[in-house]
Amino acid sequence: MTAAPSDFVFVHSNRRVVHGWGAIEKLKDLAAEAGSRKAAIVLDGFFLSQPIAAKVAELLALPGGTADLIGVPTHEPDTDTIEACRARLAASKADLIVALGGGSAMDTAKIARMLLSNPGPVEGIAGFGKKLAPHASLLICVPTTAGTGSEVSESAIAGKVGSDVKLIFRSQDMTPHVALLDPELTVSCPARVTAQSGYDAITHAVEAYVSKMSGPMTDPFAVSAFTLLARWLPVAYAEPTHRAARAWCLIASTQAAIAFNSANLGLAHAFAAPLGALHHVPHGLGNALALPVVTAFNAPVLGEKGEAIAHAFGARSAAEAMAKSRHAVGLDLSLDEFVPDAAAREAVAQAASRSGQVRMNPRLAGIDDMRAMLEAMRKPTGDAAPDFAR
């Protein structure tokens with residue numbers, strides 16, 4: 001690449017990333033370093049009955065009292081679960097908040113914590129460009145899946161109870177101060193969770209790389225992320241205890257989030273949001289249904305970046321690369337399994353067309369393009385690129 005770089009803005013507000021097998025043990029040192037006196041641990045409710053909950057509580061038994069364990073549902077966060085978490089955090093009066101789990105637990109903790117310093121309904125702090133009051137607590141996020149990247153992003157997503165609306169929250173003060181990456185915590189993930197979260201990370205990396213907001217500060221993170229995932233996600237899926245695979249997938253997920261935090265995403269995420277809100281499709285699976293077809297739609301404008309994606313995955317095209325990668329981890333499914341009919345597809349198309357990610361996609365898509373893409377998502381592709389051109 002010989003052309004001078006274009007103007008860009010790079011946004012990243014995470015303070016520290018700590019990585020290592022067994023790194024969960026570092027929580028005690030991090031708390032001591034910060035002078036923390038009372039901890040609250042927000043974790044996936046599933047973990048409350050697992051040894052990890054007792055272990056983290058023991059590590060964070062600080063001078064100010066026993067750590068409070070706050071379990072949250074494992075489904076994607078909504079306004080009710082966030083309000084409940086906010087109430088527990090307010091009662092705890094903790095100056096150290098640790099979020100342990102997948103994206104749902106981390107997003108719940110991030111939003112609920114901001115409500116402590118910005119009183120009012122959850123919807124009141126949703127949106128972009130709002131000036132929010134920071135909270136004085138130290139926030140540490142400990143992901144147990146390699147996918148969402150919530151541990152380093154300044155955004156979070158939650159559903160509005162009683163509607164199909166997805167609320168988006170974004171503030172630099174929402175970003176975790178420390179991302180604690182312990183690959184050992186991901187070993188117990190079921191294969192489907194490894195696949196779906198891993199494909200979510202692939203989508204983050206690829207969409208950030210081709211976004212209209214991409215640039216020389218985000219591209220290296222994105223390329224490293226999808227290159228690592230191309231090699232290691234199939235290994236982690238097939239061999240859950242493979243240490244190198246688990247470690248590199250977790251690092252790649254974090255790198256992808258650093259990239260999309262500034263570069264934003266694209267059409268696959270525009271589709272994934274209503275697929276989740278309207279049909280309860282897990283987010284990573286929603287991206288897997290969409291990304292190969294979206295990449296085929298984007299093909300005419302990808303240029304050298306399309307070639308780089310294809311090369312990383314050992315494919316002839318970027319669209320084939322995305323199809324091969326989802327097929328390798330058992331996510332090559334038909335949209336018809338989740339969206340029952342033409343009317344339901346139309347509702348998804350209309351919702352996707354209103355997403356802010358549409359503007360970030362490298363190729364402009366109208367509502368008819370979105371309808372055509374949803375139609376193409378009905379057919380599994382195996383290792384081949386989708387039979388789609390528009």
# chains A, B, ... in the order shown; residues from 1 in each chain; ligands from 1
>>> select_by_dssp(residues="segment 37-283 of chain A", states="alpha helix (DSSP H)", output="compact mmCIF listing (two decimals) with N, CA and C atoms, in the first residue's frame")
# COMPACT_ATOMS: atom_id res chain seq x y z
N PRO A 51 -17.61 -23.50 41.30
CA PRO A 51 -16.45 -23.14 42.16
C PRO A 51 -15.87 -21.78 41.86
N ILE A 52 -15.99 -21.29 40.61
CA ILE A 52 -15.38 -20.01 40.26
C ILE A 52 -15.96 -18.86 41.09
N ALA A 53 -17.26 -18.95 41.45
CA ALA A 53 -17.88 -17.88 42.23
C ALA A 53 -17.23 -17.79 43.62
N ALA A 54 -17.08 -18.92 44.27
CA ALA A 54 -16.46 -18.94 45.59
C ALA A 54 -15.00 -18.50 45.51
N LYS A 55 -14.32 -18.90 44.45
CA LYS A 55 -12.91 -18.55 44.30
C LYS A 55 -12.74 -17.04 44.17
N VAL A 56 -13.55 -16.42 43.31
CA VAL A 56 -13.43 -14.97 43.11
C VAL A 56 -13.83 -14.23 44.38
N ALA A 57 -14.88 -14.71 45.07
CA ALA A 57 -15.29 -14.08 46.33
C ALA A 57 -14.17 -14.15 47.35
N GLU A 58 -13.46 -15.27 47.38
CA GLU A 58 -12.34 -15.41 48.32
C GLU A 58 -11.20 -14.46 47.96
N LEU A 59 -10.90 -14.34 46.67
CA LEU A 59 -9.84 -13.44 46.23
C LEU A 59 -10.17 -11.99 46.58
N THR A 79 -33.84 -4.14 30.10
CA THR A 79 -33.98 -3.05 31.07
C THR A 79 -34.32 -3.56 32.47
N ASP A 80 -35.08 -4.65 32.57
CA ASP A 80 -35.43 -5.18 33.89
C ASP A 80 -34.20 -5.75 34.60
N THR A 81 -33.39 -6.55 33.89
CA THR A 81 -32.22 -7.14 34.54
C THR A 81 -31.20 -6.06 34.92
N ILE A 82 -31.12 -5.01 34.13
CA ILE A 82 -30.19 -3.93 34.45
C ILE A 82 -30.66 -3.17 35.69
N GLU A 83 -31.96 -2.91 35.77
CA GLU A 83 -32.50 -2.22 36.95
C GLU A 83 -32.24 -3.05 38.22
N ALA A 84 -32.43 -4.34 38.12
CA ALA A 84 -32.20 -5.20 39.28
C ALA A 84 -30.73 -5.18 39.69
N CYS A 85 -29.83 -5.20 38.71
CA CYS A 85 -28.40 -5.15 39.00
C CYS A 85 -28.03 -3.80 39.61
N ARG A 86 -28.58 -2.72 39.08
CA ARG A 86 -28.31 -1.39 39.62
C ARG A 86 -28.68 -1.32 41.11
N ALA A 87 -29.85 -1.88 41.44
CA ALA A 87 -30.30 -1.85 42.84
C ALA A 87 -29.33 -2.60 43.74
N ARG A 88 -28.85 -3.75 43.28
CA ARG A 88 -27.90 -4.54 44.08
C ARG A 88 -26.57 -3.81 44.23
N LEU A 89 -26.11 -3.18 43.15
CA LEU A 89 -24.85 -2.43 43.23
C LEU A 89 -24.98 -1.23 44.17
N ALA A 90 -26.12 -0.55 44.11
CA ALA A 90 -26.32 0.60 44.99
C ALA A 90 -26.30 0.17 46.46
N ALA A 91 -26.93 -0.96 46.74
CA ALA A 91 -26.96 -1.45 48.12
C ALA A 91 -25.57 -1.90 48.58
N SER A 92 -24.77 -2.41 47.64
CA SER A 92 -23.44 -2.92 47.98
C SER A 92 -22.47 -1.82 48.39
N GLY A 103 -20.74 -11.68 27.31
CA GLY A 103 -21.10 -10.30 27.03
C GLY A 103 -22.30 -9.83 27.80
N SER A 104 -23.25 -10.73 28.11
CA SER A 104 -24.45 -10.32 28.82
C SER A 104 -24.11 -9.81 30.22
N ALA A 105 -23.30 -10.55 30.95
CA ALA A 105 -22.92 -10.13 32.30
C ALA A 105 -22.11 -8.84 32.26
N MET A 106 -21.18 -8.75 31.32
CA MET A 106 -20.34 -7.56 31.26
C MET A 106 -21.15 -6.33 30.85
N ASP A 107 -22.02 -6.46 29.86
CA ASP A 107 -22.84 -5.32 29.44
C ASP A 107 -23.79 -4.89 30.57
N THR A 108 -24.38 -5.87 31.26
CA THR A 108 -25.27 -5.53 32.38
C THR A 108 -24.53 -4.73 33.43
N ALA A 109 -23.34 -5.18 33.81
CA ALA A 109 -22.56 -4.48 34.83
C ALA A 109 -22.16 -3.08 34.36
N LYS A 110 -21.77 -2.95 33.10
CA LYS A 110 -21.33 -1.66 32.58
C LYS A 110 -22.46 -0.63 32.62
N ILE A 111 -23.65 -1.06 32.18
CA ILE A 111 -24.78 -0.12 32.16
C ILE A 111 -25.26 0.19 33.57
N ALA A 112 -25.41 -0.86 34.39
CA ALA A 112 -25.91 -0.66 35.76
C ALA A 112 -24.98 0.24 36.55
N ARG A 113 -23.69 0.08 36.37
CA ARG A 113 -22.72 0.94 37.07
C ARG A 113 -22.90 2.40 36.68
N MET A 114 -23.14 2.69 35.40
CA MET A 114 -23.33 4.07 34.98
C MET A 114 -24.61 4.66 35.56
N LEU A 115 -25.61 3.83 35.82
CA LEU A 115 -26.84 4.33 36.43
C LEU A 115 -26.62 4.79 37.86
N LEU A 116 -25.59 4.28 38.52
CA LEU A 116 -25.30 4.70 39.88
C LEU A 116 -24.94 6.18 39.94
N SER A 117 -24.26 6.66 38.92
CA SER A 117 -23.85 8.07 38.89
C SER A 117 -24.72 8.91 37.96
N ALA A 191 -19.41 -26.39 23.06
CA ALA A 191 -18.92 -26.19 21.70
C ALA A 191 -19.72 -25.13 20.96
N ARG A 192 -21.05 -25.11 21.15
CA ARG A 192 -21.87 -24.13 20.42
C ARG A 192 -21.56 -22.71 20.89
N VAL A 193 -21.23 -22.53 22.17
CA VAL A 193 -20.87 -21.20 22.66
C VAL A 193 -19.52 -20.78 22.11
N THR A 194 -18.57 -21.70 22.07
CA THR A 194 -17.28 -21.41 21.45
C THR A 194 -17.47 -20.99 20.01
N ALA A 195 -18.32 -21.71 19.28
CA ALA A 195 -18.55 -21.40 17.86
C ALA A 195 -19.22 -20.05 17.69
N GLN A 196 -20.30 -19.82 18.42
CA GLN A 196 -21.05 -18.59 18.23
C GLN A 196 -20.27 -17.36 18.70
N SER A 197 -19.62 -17.46 19.85
CA SER A 197 -18.85 -16.32 20.32
C SER A 197 -17.64 -16.08 19.41
N GLY A 198 -17.02 -17.16 18.94
CA GLY A 198 -15.88 -17.01 18.04
C GLY A 198 -16.26 -16.39 16.72
N TYR A 199 -17.43 -16.77 16.19
CA TYR A 199 -17.85 -16.16 14.93
C TYR A 199 -18.24 -14.71 15.13
N ASP A 200 -18.75 -14.38 16.31
CA ASP A 200 -19.01 -12.98 16.64
C ASP A 200 -17.71 -12.18 16.55
N ALA A 201 -16.63 -12.74 17.09
CA ALA A 201 -15.34 -12.06 17.04
C ALA A 201 -14.84 -11.93 15.60
N ILE A 202 -15.02 -12.97 14.78
CA ILE A 202 -14.67 -12.87 13.36
C ILE A 202 -15.42 -11.72 12.71
N THR A 203 -16.72 -11.64 13.00
CA THR A 203 -17.54 -10.58 12.41
C THR A 203 -17.06 -9.21 12.87
N HIS A 204 -16.74 -9.08 14.15
CA HIS A 204 -16.20 -7.81 14.64
C HIS A 204 -14.94 -7.42 13.87
N ALA A 205 -14.04 -8.37 13.70
CA ALA A 205 -12.77 -8.07 13.04
C ALA A 205 -12.97 -7.71 11.57
N VAL A 206 -13.74 -8.52 10.86
CA VAL A 206 -13.93 -8.30 9.42
C VAL A 206 -14.72 -7.02 9.16
N GLU A 207 -15.80 -6.80 9.91
CA GLU A 207 -16.59 -5.60 9.68
C GLU A 207 -15.83 -4.33 10.07
N ALA A 208 -15.04 -4.38 11.13
CA ALA A 208 -14.22 -3.22 11.49
C ALA A 208 -13.17 -2.95 10.40
N TYR A 209 -12.63 -4.01 9.81
CA TYR A 209 -11.59 -3.88 8.79
C TYR A 209 -12.12 -3.21 7.52
N VAL A 210 -13.35 -3.50 7.13
CA VAL A 210 -13.88 -2.96 5.88
C VAL A 210 -14.80 -1.76 6.10
N ASP A 219 -6.89 -1.01 11.55
CA ASP A 219 -6.66 -2.15 10.65
C ASP A 219 -5.69 -3.19 11.22
N PRO A 220 -4.57 -2.80 11.85
CA PRO A 220 -3.67 -3.84 12.38
C PRO A 220 -4.33 -4.74 13.43
N PHE A 221 -5.17 -4.15 14.30
CA PHE A 221 -5.89 -4.96 15.28
C PHE A 221 -6.86 -5.90 14.57
N ALA A 222 -7.59 -5.39 13.57
CA ALA A 222 -8.57 -6.20 12.88
C ALA A 222 -7.92 -7.36 12.12
N VAL A 223 -6.83 -7.06 11.42
CA VAL A 223 -6.14 -8.11 10.64
C VAL A 223 -5.58 -9.18 11.56
N SER A 224 -4.92 -8.76 12.63
CA SER A 224 -4.39 -9.73 13.58
C SER A 224 -5.51 -10.60 14.13
N ALA A 225 -6.65 -9.97 14.46
CA ALA A 225 -7.75 -10.72 15.05
C ALA A 225 -8.29 -11.78 14.10
N PHE A 226 -8.62 -11.39 12.86
CA PHE A 226 -9.23 -12.42 11.99
C PHE A 226 -8.21 -13.44 11.51
N THR A 227 -6.93 -13.06 11.46
CA THR A 227 -5.90 -14.04 11.10
C THR A 227 -5.75 -15.09 12.20
N LEU A 228 -5.74 -14.64 13.45
CA LEU A 228 -5.66 -15.57 14.58
C LEU A 228 -6.89 -16.47 14.63
N LEU A 229 -8.06 -15.91 14.43
CA LEU A 229 -9.30 -16.70 14.51
C LEU A 229 -9.40 -17.70 13.37
N ALA A 230 -8.91 -17.32 12.19
CA ALA A 230 -8.93 -18.26 11.07
C ALA A 230 -8.15 -19.52 11.42
N ARG A 231 -7.04 -19.36 12.13
CA ARG A 231 -6.22 -20.51 12.48
C ARG A 231 -6.75 -21.26 13.71
N TRP A 232 -7.14 -20.50 14.75
CA TRP A 232 -7.34 -21.12 16.06
C TRP A 232 -8.78 -21.41 16.45
N LEU A 233 -9.77 -20.72 15.87
CA LEU A 233 -11.15 -21.00 16.27
C LEU A 233 -11.56 -22.44 15.95
N PRO A 234 -11.26 -22.98 14.77
CA PRO A 234 -11.62 -24.38 14.53
C PRO A 234 -10.95 -25.35 15.51
N VAL A 235 -9.75 -25.01 15.95
CA VAL A 235 -9.04 -25.87 16.91
C VAL A 235 -9.73 -25.81 18.27
N ALA A 236 -10.06 -24.60 18.73
CA ALA A 236 -10.75 -24.46 20.02
C ALA A 236 -12.11 -25.15 20.00
N TYR A 237 -12.77 -25.11 18.86
CA TYR A 237 -14.08 -25.76 18.71
C TYR A 237 -13.94 -27.27 18.79
N ALA A 238 -12.92 -27.82 18.13
CA ALA A 238 -12.74 -29.28 18.08
C ALA A 238 -12.02 -29.83 19.29
N ARG A 243 -4.68 -25.33 24.89
CA ARG A 243 -4.32 -24.08 25.57
C ARG A 243 -4.00 -22.95 24.59
N ALA A 244 -3.21 -23.25 23.56
CA ALA A 244 -2.85 -22.20 22.61
C ALA A 244 -4.09 -21.67 21.89
N ALA A 245 -4.98 -22.58 21.49
CA ALA A 245 -6.18 -22.15 20.78
C ALA A 245 -7.05 -21.26 21.66
N ARG A 246 -7.24 -21.66 22.90
CA ARG A 246 -8.06 -20.85 23.80
C ARG A 246 -7.43 -19.47 24.03
N ALA A 247 -6.12 -19.44 24.21
CA ALA A 247 -5.44 -18.17 24.48
C ALA A 247 -5.51 -17.24 23.28
N TRP A 248 -5.21 -17.76 22.08
CA TRP A 248 -5.19 -16.89 20.91
C TRP A 248 -6.59 -16.43 20.52
N CYS A 249 -7.60 -17.26 20.72
CA CYS A 249 -8.97 -16.82 20.42
C CYS A 249 -9.39 -15.69 21.35
N LEU A 250 -9.01 -15.78 22.62
CA LEU A 250 -9.37 -14.74 23.57
C LEU A 250 -8.65 -13.43 23.25
N ILE A 251 -7.38 -13.52 22.92
CA ILE A 251 -6.63 -12.33 22.52
C ILE A 251 -7.23 -11.73 21.25
N ALA A 252 -7.56 -12.57 20.29
CA ALA A 252 -8.14 -12.08 19.03
C ALA A 252 -9.47 -11.38 19.26
N SER A 253 -10.29 -11.93 20.14
CA SER A 253 -11.57 -11.30 20.45
C SER A 253 -11.37 -9.89 21.00
N THR A 254 -10.39 -9.74 21.89
CA THR A 254 -10.10 -8.42 22.46
C THR A 254 -9.55 -7.47 21.39
N GLN A 255 -8.67 -7.97 20.54
CA GLN A 255 -8.14 -7.14 19.45
C GLN A 255 -9.27 -6.66 18.53
N ALA A 256 -10.19 -7.56 18.20
CA ALA A 256 -11.30 -7.19 17.32
C ALA A 256 -12.15 -6.09 17.95
N ALA A 257 -12.34 -6.17 19.26
CA ALA A 257 -13.14 -5.15 19.94
C ALA A 257 -12.42 -3.81 19.97
N ILE A 258 -11.12 -3.81 20.14
CA ILE A 258 -10.35 -2.56 20.07
C ILE A 258 -10.55 -1.92 18.69
N ALA A 259 -10.58 -2.76 17.65
CA ALA A 259 -10.79 -2.25 16.29
C ALA A 259 -12.20 -1.68 16.12
N PHE A 260 -13.22 -2.44 16.49
CA PHE A 260 -14.58 -1.96 16.22
C PHE A 260 -14.99 -0.83 17.15
N ASN A 261 -14.33 -0.70 18.30
CA ASN A 261 -14.67 0.38 19.20
C ASN A 261 -14.49 1.74 18.51
N SER A 262 -13.55 1.81 17.57
CA SER A 262 -13.32 3.05 16.84
C SER A 262 -13.87 2.98 15.42
N ALA A 263 -13.73 1.82 14.75
CA ALA A 263 -14.12 1.73 13.35
C ALA A 263 -15.60 1.43 13.14
N LEU A 267 -23.24 -4.26 8.06
CA LEU A 267 -24.56 -4.82 7.80
C LEU A 267 -24.85 -6.12 8.54
N ALA A 268 -23.84 -6.95 8.77
CA ALA A 268 -24.11 -8.20 9.49
C ALA A 268 -24.66 -7.88 10.88
N HIS A 269 -24.09 -6.89 11.53
CA HIS A 269 -24.60 -6.50 12.85
C HIS A 269 -25.95 -5.80 12.74
N ALA A 270 -26.19 -5.11 11.65
CA ALA A 270 -27.51 -4.51 11.44
C ALA A 270 -28.58 -5.60 11.39
N PHE A 271 -28.26 -6.74 10.77
CA PHE A 271 -29.20 -7.87 10.73
C PHE A 271 -29.26 -8.61 12.06
N ALA A 272 -28.11 -8.78 12.70
CA ALA A 272 -28.08 -9.60 13.92
C ALA A 272 -28.93 -9.01 15.03
N ALA A 273 -28.99 -7.69 15.12
CA ALA A 273 -29.75 -7.06 16.20
C ALA A 273 -31.24 -7.41 16.13
N PRO A 274 -31.94 -7.21 15.00
CA PRO A 274 -33.35 -7.61 14.97
C PRO A 274 -33.56 -9.12 15.00
N LEU A 275 -32.60 -9.89 14.49
CA LEU A 275 -32.73 -11.35 14.60
C LEU A 275 -32.76 -11.75 16.07
N GLY A 276 -31.97 -11.06 16.89
CA GLY A 276 -32.00 -11.33 18.32
C GLY A 276 -33.24 -10.79 18.99
N ALA A 277 -33.62 -9.54 18.66
CA ALA A 277 -34.75 -8.90 19.32
C ALA A 277 -36.08 -9.54 18.95
N LEU A 278 -36.23 -9.90 17.67
CA LEU A 278 -37.52 -10.41 17.18
C LEU A 278 -37.64 -11.92 17.26
N HIS A 279 -36.51 -12.62 17.15
CA HIS A 279 -36.57 -14.09 17.04
C HIS A 279 -35.62 -14.80 18.01
N HIS A 283 -26.63 -13.80 19.39
CA HIS A 283 -25.98 -12.76 18.60
C HIS A 283 -24.92 -13.31 17.64
>>> select_by_dssp(residues="segment 97-344 of chain A", states="strand (DSSP E)", output="number ranges by chain")
A: 97-101, 138-143, 155-159, 166-170, 178-181
>>> residues_around(residues="segment 375-381 of chain A", least_positions_apart="6", cutoff="10 Å", atoms="only C-alpha atoms", output="JSON list (two decimals) with N, CA and C atoms, in the first residue's frame")
[["chain", "number", "residue", "atom", "x", "y", "z"],
["A", 288, "ALA", "N", -23.40, -15.11, 12.03],
["A", 288, "ALA", "CA", -23.02, -16.21, 11.14],
["A", 288, "ALA", "C", -24.03, -16.38, 10.01],
["A", 289, "LEU", "N", -25.32, -16.19, 10.30],
["A", 289, "LEU", "CA", -26.34, -16.26, 9.25],
["A", 289, "LEU", "C", -26.13, -15.17, 8.21],
["A", 290, "ALA", "N", -25.66, -14.00, 8.66],
["A", 290, "ALA", "CA", -25.62, -12.82, 7.79],
["A", 290, "ALA", "C", -24.29, -12.59, 7.08],
["A", 291, "LEU", "N", -23.16, -12.82, 7.77],
["A", 291, "LEU", "CA", -21.89, -12.30, 7.26],
["A", 291, "LEU", "C", -21.47, -12.82, 5.89],
["A", 292, "PRO", "N", -21.60, -14.11, 5.57],
["A", 292, "PRO", "CA", -21.19, -14.53, 4.22],
["A", 292, "PRO", "C", -21.94, -13.81, 3.11],
["A", 293, "VAL", "N", -23.26, -13.64, 3.28],
["A", 293, "VAL", "CA", -24.06, -12.96, 2.26],
["A", 293, "VAL", "C", -23.71, -11.47, 2.24],
["A", 294, "VAL", "N", -23.56, -10.86, 3.39],
["A", 294, "VAL", "CA", -23.18, -9.45, 3.45],
["A", 294, "VAL", "C", -21.84, -9.24, 2.76],
["A", 320, "GLU", "N", -16.26, -16.42, 0.34],
["A", 320, "GLU", "CA", -15.99, -17.84, 0.56],
["A", 320, "GLU", "C", -15.31, -18.04, 1.91],
["A", 323, "ALA", "N", -17.92, -18.03, 4.58],
["A", 323, "ALA", "CA", -18.72, -19.26, 4.53],
["A", 323, "ALA", "C", -17.94, -20.45, 5.08],
["A", 324, "LYS", "N", -16.68, -20.56, 4.69],
["A", 324, "LYS", "CA", -15.85, -21.67, 5.18],
["A", 324, "LYS", "C", -15.70, -21.63, 6.69],
["A", 326, "ARG", "N", -17.67, -20.33, 8.98],
["A", 326, "ARG", "CA", -18.87, -20.70, 9.75],
["A", 326, "ARG", "C", -19.18, -22.19, 9.59],
["A", 327, "HIS", "N", -18.90, -22.75, 8.41],
["A", 327, "HIS", "CA", -19.13, -24.17, 8.19],
["A", 327, "HIS", "C", -18.23, -25.01, 9.09],
["A", 331, "LEU", "N", -22.02, -23.71, 12.05],
["A", 331, "LEU", "CA", -22.99, -22.62, 12.04],
["A", 331, "LEU", "C", -23.57, -22.35, 10.65],
["A", 332, "ASP", "N", -23.41, -23.30, 9.74],
["A", 332, "ASP", "CA", -23.92, -23.14, 8.38],
["A", 332, "ASP", "C", -25.39, -23.57, 8.35],
["A", 333, "LEU", "N", -26.27, -22.67, 8.74],
["A", 333, "LEU", "CA", -27.68, -22.98, 8.92],
["A", 333, "LEU", "C", -28.55, -22.12, 8.02],
["A", 334, "SER", "N", -29.81, -22.49, 7.90],
["A", 334, "SER", "CA", -30.76, -21.71, 7.11],
["A", 334, "SER", "C", -31.49, -20.71, 8.00],
["A", 335, "LEU", "N", -31.70, -19.53, 7.47],
["A", 335, "LEU", "CA", -32.48, -18.51, 8.17],
["A", 335, "LEU", "C", -33.88, -19.03, 8.49],
["A", 336, "ASP", "N", -34.40, -19.94, 7.67],
["A", 336, "ASP", "CA", -35.75, -20.46, 7.87],
["A", 336, "ASP", "C", -35.93, -21.17, 9.20],
["A", 337, "GLU", "N", -34.85, -21.63, 9.79],
["A", 337, "GLU", "CA", -34.95, -22.30, 11.09],
["A", 337, "GLU", "C", -35.33, -21.33, 12.20],
["A", 338, "PHE", "N", -35.19, -20.03, 11.94],
["A", 338, "PHE", "CA", -35.41, -19.03, 12.98],
["A", 338, "PHE", "C", -36.44, -17.97, 12.60],
["A", 339, "VAL", "N", -36.54, -17.67, 11.33],
["A", 339, "VAL", "CA", -37.47, -16.64, 10.84],
["A", 339, "VAL", "C", -38.49, -17.36, 9.96],
["A", 342, "ALA", "N", -42.23, -14.90, 5.07],
["A", 342, "ALA", "CA", -41.87, -13.67, 4.38],
["A", 342, "ALA", "C", -42.20, -12.43, 5.21],
["A", 345, "ARG", "N", -39.46, -11.99, 7.68],
["A", 345, "ARG", "CA", -38.25, -11.49, 7.04],
["A", 345, "ARG", "C", -38.37, -10.00, 6.73],
["A", 369, "ASP", "N", -32.07, -4.26, -1.24],
["A", 369, "ASP", "CA", -30.84, -5.05, -1.07],
["A", 369, "ASP", "C", -30.95, -5.92, 0.19],
["A", 387, "ASP", "N", -24.26, -17.99, -3.33],
["A", 387, "ASP", "CA", -24.62, -17.73, -4.73],
["A", 387, "ASP", "C", -25.46, -16.45, -4.73],
["A", 388, "PHE", "N", -24.76, -15.33, -4.61],
["A", 388, "PHE", "CA", -25.47, -14.05, -4.45],
["A", 388, "PHE", "C", -24.67, -12.95, -5.15],
["A", 389, "ALA", "N", -25.34, -12.20, -5.95],
["A", 389, "ALA", "CA", -24.72, -11.03, -6.59],
["A", 389, "ALA", "C", -25.81, -9.99, -6.80]]
>>> closest_residue(among="A:Ile168, A:Met370, A:Leu285, A:Ala299", to="Gly356 of chain A", atoms="only C-alpha atoms")
A:Ile168
>>> residues_around(residues="Leu100 of chain A", least_positions_apart="5", cutoff="9 Å", atoms="only C-alpha atoms", output="PyMOL selection string")
chain A and resi 41-44+47+105-106+140-144
>>> closest_residue(among="A:Ala133, A:Ala146, A:Glu76, A:Gly101", to="Gly159 of chain A", atoms="only C-alpha atoms")
A:Glu76
>>> residues_around(residues="Val18 of chain A", least_positions_apart="6", cutoff="8 Å", atoms="only C-alpha atoms", output="list in words")
Val178, Ala179, Leu180 and Leu181 of chain A
>>> residues_around(residues="Gly124 of chain A", least_positions_apart="3", cutoff="12 Å", atoms="only C-alpha atoms", output="ChimeraX atom specification")
/A:79,111,114-115,118-121,127-128,130-132,160,167-169
>>> write_last_selection(atoms="N, CA and C atoms", output="PDB file, in the first residue's frame")
ATOM      1  N   THR A  79     -33.842  -4.137  30.103  1.00  0.00           N
ATOM      2  CA  THR A  79     -33.982  -3.046  31.073  1.00  0.00           C
ATOM      3  C   THR A  79     -34.319  -3.558  32.468  1.00  0.00           C
ATOM      4  N   ILE A 111     -23.650  -1.057  32.182  1.00  0.00           N
ATOM      5  CA  ILE A 111     -24.778  -0.118  32.155  1.00  0.00           C
ATOM      6  C   ILE A 111     -25.257   0.186  33.574  1.00  0.00           C
ATOM      7  N   MET A 114     -23.139   2.686  35.399  1.00  0.00           N
ATOM      8  CA  MET A 114     -23.328   4.067  34.977  1.00  0.00           C
ATOM      9  C   MET A 114     -24.605   4.665  35.556  1.00  0.00           C
ATOM     10  N   LEU A 115     -25.610   3.834  35.817  1.00  0.00           N
ATOM     11  CA  LEU A 115     -26.843   4.334  36.430  1.00  0.00           C
ATOM     12  C   LEU A 115     -26.616   4.795  37.864  1.00  0.00           C
ATOM     13  N   ASN A 118     -25.703   8.276  37.336  1.00  0.00           N
ATOM     14  CA  ASN A 118     -26.631   8.969  36.443  1.00  0.00           C
ATOM     15  C   ASN A 118     -28.039   8.470  36.736  1.00  0.00           C
ATOM     16  N   PRO A 119     -28.629   8.867  37.867  1.00  0.00           N
ATOM     17  CA  PRO A 119     -29.917   8.314  38.294  1.00  0.00           C
ATOM     18  C   PRO A 119     -31.019   8.554  37.269  1.00  0.00           C
ATOM     19  N   GLY A 120     -31.959   7.620  37.248  1.00  0.00           N
ATOM     20  CA  GLY A 120     -33.081   7.711  36.326  1.00  0.00           C
ATOM     21  C   GLY A 120     -33.302   6.392  35.642  1.00  0.00           C
ATOM     22  N   PRO A 121     -34.254   6.340  34.700  1.00  0.00           N
ATOM     23  CA  PRO A 121     -34.523   5.085  33.999  1.00  0.00           C
ATOM     24  C   PRO A 121     -33.355   4.672  33.106  1.00  0.00           C
ATOM     25  N   GLY A 127     -27.946   5.869  24.089  1.00  0.00           N
ATOM     26  CA  GLY A 127     -27.662   6.736  22.959  1.00  0.00           C
ATOM     27  C   GLY A 127     -26.201   7.126  22.876  1.00  0.00           C
ATOM     28  N   PHE A 128     -25.912   7.938  21.862  1.00  0.00           N
ATOM     29  CA  PHE A 128     -24.542   8.383  21.603  1.00  0.00           C
ATOM     30  C   PHE A 128     -24.416   9.871  21.940  1.00  0.00           C
ATOM     31  N   LYS A 130     -24.034  11.492  24.633  1.00  0.00           N
ATOM     32  CA  LYS A 130     -24.554  12.048  25.877  1.00  0.00           C
ATOM     33  C   LYS A 130     -23.421  12.238  26.874  1.00  0.00           C
ATOM     34  N   LYS A 131     -23.489  13.337  27.606  1.00  0.00           N
ATOM     35  CA  LYS A 131     -22.475  13.572  28.638  1.00  0.00           C
ATOM     36  C   LYS A 131     -22.942  12.898  29.917  1.00  0.00           C
ATOM     37  N   LEU A 132     -22.248  11.851  30.307  1.00  0.00           N
ATOM     38  CA  LEU A 132     -22.616  11.089  31.494  1.00  0.00           C
ATOM     39  C   LEU A 132     -21.606  11.335  32.610  1.00  0.00           C
ATOM     40  N   LYS A 160     -35.194  -3.424  25.379  1.00  0.00           N
ATOM     41  CA  LYS A 160     -36.212  -2.716  26.150  1.00  0.00           C
ATOM     42  C   LYS A 160     -37.379  -3.655  26.362  1.00  0.00           C
ATOM     43  N   LEU A 167     -31.547  -1.043  22.830  1.00  0.00           N
ATOM     44  CA  LEU A 167     -30.950   0.208  23.278  1.00  0.00           C
ATOM     45  C   LEU A 167     -29.432   0.096  23.202  1.00  0.00           C
ATOM     46  N   ILE A 168     -28.803   1.120  22.650  1.00  0.00           N
ATOM     47  CA  ILE A 168     -27.347   1.151  22.542  1.00  0.00           C
ATOM     48  C   ILE A 168     -26.820   2.224  23.487  1.00  0.00           C
ATOM     49  N   PHE A 169     -25.820   1.853  24.267  1.00  0.00           N
ATOM     50  CA  PHE A 169     -25.215   2.750  25.241  1.00  0.00           C
ATOM     51  C   PHE A 169     -23.750   2.943  24.861  1.00  0.00           C
TER      52      PHE A 169
END
